[in-house]
Structure formats: C-alpha cells, structure tokens
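Q: I am attaching a structure below and will ask some questions about it afterwards.
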Amino acid sequence: MSEFNIQTATEDGVCHIRLTGRVTFTMSRRFDAFIEESINQTLSDIIIDMRKTEHIDSTILGLLAKIARRFIAHHHRKPTLLSTSEDINILLENMGFETAFDIRPCVDTVPFYLEDIPLIEKSVPMPETLLEAHSELMDLDERNVDRFSTTVDTLRDAVQRKSP
C-alpha cells in the first residue's frame, strides 16, 4: 500500500469509500472521475471511511462535499462519514460537514476487500476539478465563502484563460 490511497467497494447497493494516509489534490482528477461514474449508480447508501486518513486537503474535502450534495439531492438523506481522529473531526466541523454527512466513529459492517479507485489516462489535477471542488465547499457552508473565494476566483480565471 502506498502512503496515500482511495479504495472502494460496492456491496448490496452500499458504496464504501476508504481514504487512507495523506489524501491530497494530486488524486483529485482520479477521484472526481470515480465520483462521476459511481454516483450515477443506484445506491442505497454511501459510507466514507476516514478512520485511516492522516491528512486531507481542501480539494478532496470539496469532492466529498460533491458526493454528499448529490446523494442528498437524490435520496433526501445524508451519506455516512466515519472518522475517529480528533484533528479530522475538528476540520470537518469547521468546514460545515455536519450539514452534509452523518458523521460517526463506526458502522456495523465494512467490506472485507476494497479495490483502489481506477487509474485514468491523465491524472494531473485540472483547474476545472479544483474549481468545482472549492465551489462545492463554498456552497456547503457560508463560513467557507471567506476561506475559499480568492482561490475560486483565481481558479475561475485560470479556467477562462484555458478556454478557447
């Protein structure tokens, strides 16, 4: 296993996602591609396991917010997020994640085997992915507007310059 990883398994309509180690924007394009493919499946629940997460950056937090907002829009209830780290829990609280997730220390069952999320041909983080992730964070909690508005403006400019 590498220093960081995102693994998944879907069993009985429940999508389990485990984030391990230092999960940062370097995995954002790959994670976003997984989200786009997986969230469109018929799922009864999503469980995000962050019990082995040592560090998570704002881009990945934004992609988690994207998962929650789509799941809530479709199922009218929050997905589950597992975390036992005091530092991670403080971060989640400060970002407003309690409005989007049912945050707990554990669940009754977890899959025995999880697979790494699929590799994609071009996995370099793109400004569009970073922009969407940070916009999701801003939409999640009004406190995040002040935190990320400069980042979003800068990314929006980068995306516009890149467009033909």
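Ligands are numbered from 1 in the order shown, chains are lettered A, B, ... in the order of the structure tokens, and residues start at 1 in each chain.
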Check the DSSP output for the backbone and give back, as an MDAnalysis selection string, the residues of range 7-44 of chain A in helix (DSSP H, G or I).

A: chainID A and resid 25:38

Q: Keeping only N, CA and C atoms, take the residues you just selected and write them out as a PDB file, in the first residue's frame.

A:
```
ATOM      1  N   PHE A  25      -4.822  16.886  -3.313  1.00  0.00           N
ATOM      2  CA  PHE A  25      -5.301  17.252  -4.640  1.00  0.00           C
ATOM      3  C   PHE A  25      -4.641  16.453  -5.760  1.00  0.00           C
ATOM      4  N   THR A  26      -3.507  15.839  -5.490  1.00  0.00           N
ATOM      5  CA  THR A  26      -2.852  15.052  -6.534  1.00  0.00           C
ATOM      6  C   THR A  26      -3.732  13.887  -6.993  1.00  0.00           C
ATOM      7  N   MET A  27      -4.681  13.480  -6.169  1.00  0.00           N
ATOM      8  CA  MET A  27      -5.609  12.399  -6.538  1.00  0.00           C
ATOM      9  C   MET A  27      -6.957  12.932  -7.006  1.00  0.00           C
ATOM     10  N   SER A  28      -7.092  14.258  -7.111  1.00  0.00           N
ATOM     11  CA  SER A  28      -8.407  14.851  -7.337  1.00  0.00           C
ATOM     12  C   SER A  28      -9.038  14.477  -8.672  1.00  0.00           C
ATOM     13  N   ARG A  29      -8.282  14.473  -9.723  1.00  0.00           N
ATOM     14  CA  ARG A  29      -8.876  14.151 -11.032  1.00  0.00           C
ATOM     15  C   ARG A  29      -9.328  12.690 -11.066  1.00  0.00           C
ATOM     16  N   ARG A  30      -8.521  11.835 -10.527  1.00  0.00           N
ATOM     17  CA  ARG A  30      -8.848  10.403 -10.459  1.00  0.00           C
ATOM     18  C   ARG A  30     -10.084  10.183  -9.569  1.00  0.00           C
ATOM     19  N   PHE A  31     -10.122  10.856  -8.427  1.00  0.00           N
ATOM     20  CA  PHE A  31     -11.245  10.718  -7.501  1.00  0.00           C
ATOM     21  C   PHE A  31     -12.511  11.291  -8.128  1.00  0.00           C
ATOM     22  N   ASP A  32     -12.402  12.438  -8.799  1.00  0.00           N
ATOM     23  CA  ASP A  32     -13.562  13.047  -9.436  1.00  0.00           C
ATOM     24  C   ASP A  32     -14.116  12.138 -10.535  1.00  0.00           C
ATOM     25  N   ALA A  33     -13.250  11.509 -11.321  1.00  0.00           N
ATOM     26  CA  ALA A  33     -13.706  10.574 -12.355  1.00  0.00           C
ATOM     27  C   ALA A  33     -14.460   9.406 -11.722  1.00  0.00           C
ATOM     28  N   PHE A  34     -13.944   8.907 -10.606  1.00  0.00           N
ATOM     29  CA  PHE A  34     -14.633   7.831  -9.875  1.00  0.00           C
ATOM     30  C   PHE A  34     -16.001   8.302  -9.398  1.00  0.00           C
ATOM     31  N   ILE A  35     -16.054   9.515  -8.849  1.00  0.00           N
ATOM     32  CA  ILE A  35     -17.322  10.061  -8.343  1.00  0.00           C
ATOM     33  C   ILE A  35     -18.338  10.152  -9.473  1.00  0.00           C
ATOM     34  N   GLU A  36     -17.926  10.701 -10.597  1.00  0.00           N
ATOM     35  CA  GLU A  36     -18.849  10.863 -11.728  1.00  0.00           C
ATOM     36  C   GLU A  36     -19.430   9.523 -12.171  1.00  0.00           C
ATOM     37  N   GLU A  37     -18.627   8.497 -12.162  1.00  0.00           N
ATOM     38  CA  GLU A  37     -19.099   7.177 -12.582  1.00  0.00           C
ATOM     39  C   GLU A  37     -19.945   6.508 -11.495  1.00  0.00           C
ATOM     40  N   SER A  38     -19.529   6.615 -10.251  1.00  0.00           N
ATOM     41  CA  SER A  38     -20.168   5.879  -9.166  1.00  0.00           C
ATOM     42  C   SER A  38     -21.468   6.491  -8.673  1.00  0.00           C
TER      43      SER A  38
END
```

Q: List as a VMD selection string the protein and nucleic acid residues near range 153-158 of chain A, meaning an atom at most 6 Å away when only C-alpha atoms are counted, but skip any in the same chain fewer than 2 places from it.

A: chain A and resid 127 131 150 to 151 160 to 161

Q: For the residues in the current selection, export C-alpha atoms as a short mmCIF file (atom, residue, chain, number, x, y, z; two decimals), in the first residue's frame.

A:
```cif
data_model
loop_
_atom_site.label_atom_id
_atom_site.label_comp_id
_atom_site.auth_asym_id
_atom_site.auth_seq_id
_atom_site.Cartn_x
_atom_site.Cartn_y
_atom_site.Cartn_z
CA PRO A 127 -8.10 23.70 -12.81
CA LEU A 131 -12.56 24.96 -9.15
CA THR A 150 -9.88 34.07 -3.54
CA THR A 151 -8.97 30.51 -4.53
CA GLN A 160 -11.29 31.02 -18.54
CA ARG A 161 -7.76 31.65 -19.84
#
```

Q: Write out as a count of residues only the set of residues from chain A that DSSP, computed on the backbone, places in strand (DSSP E).

A: 38
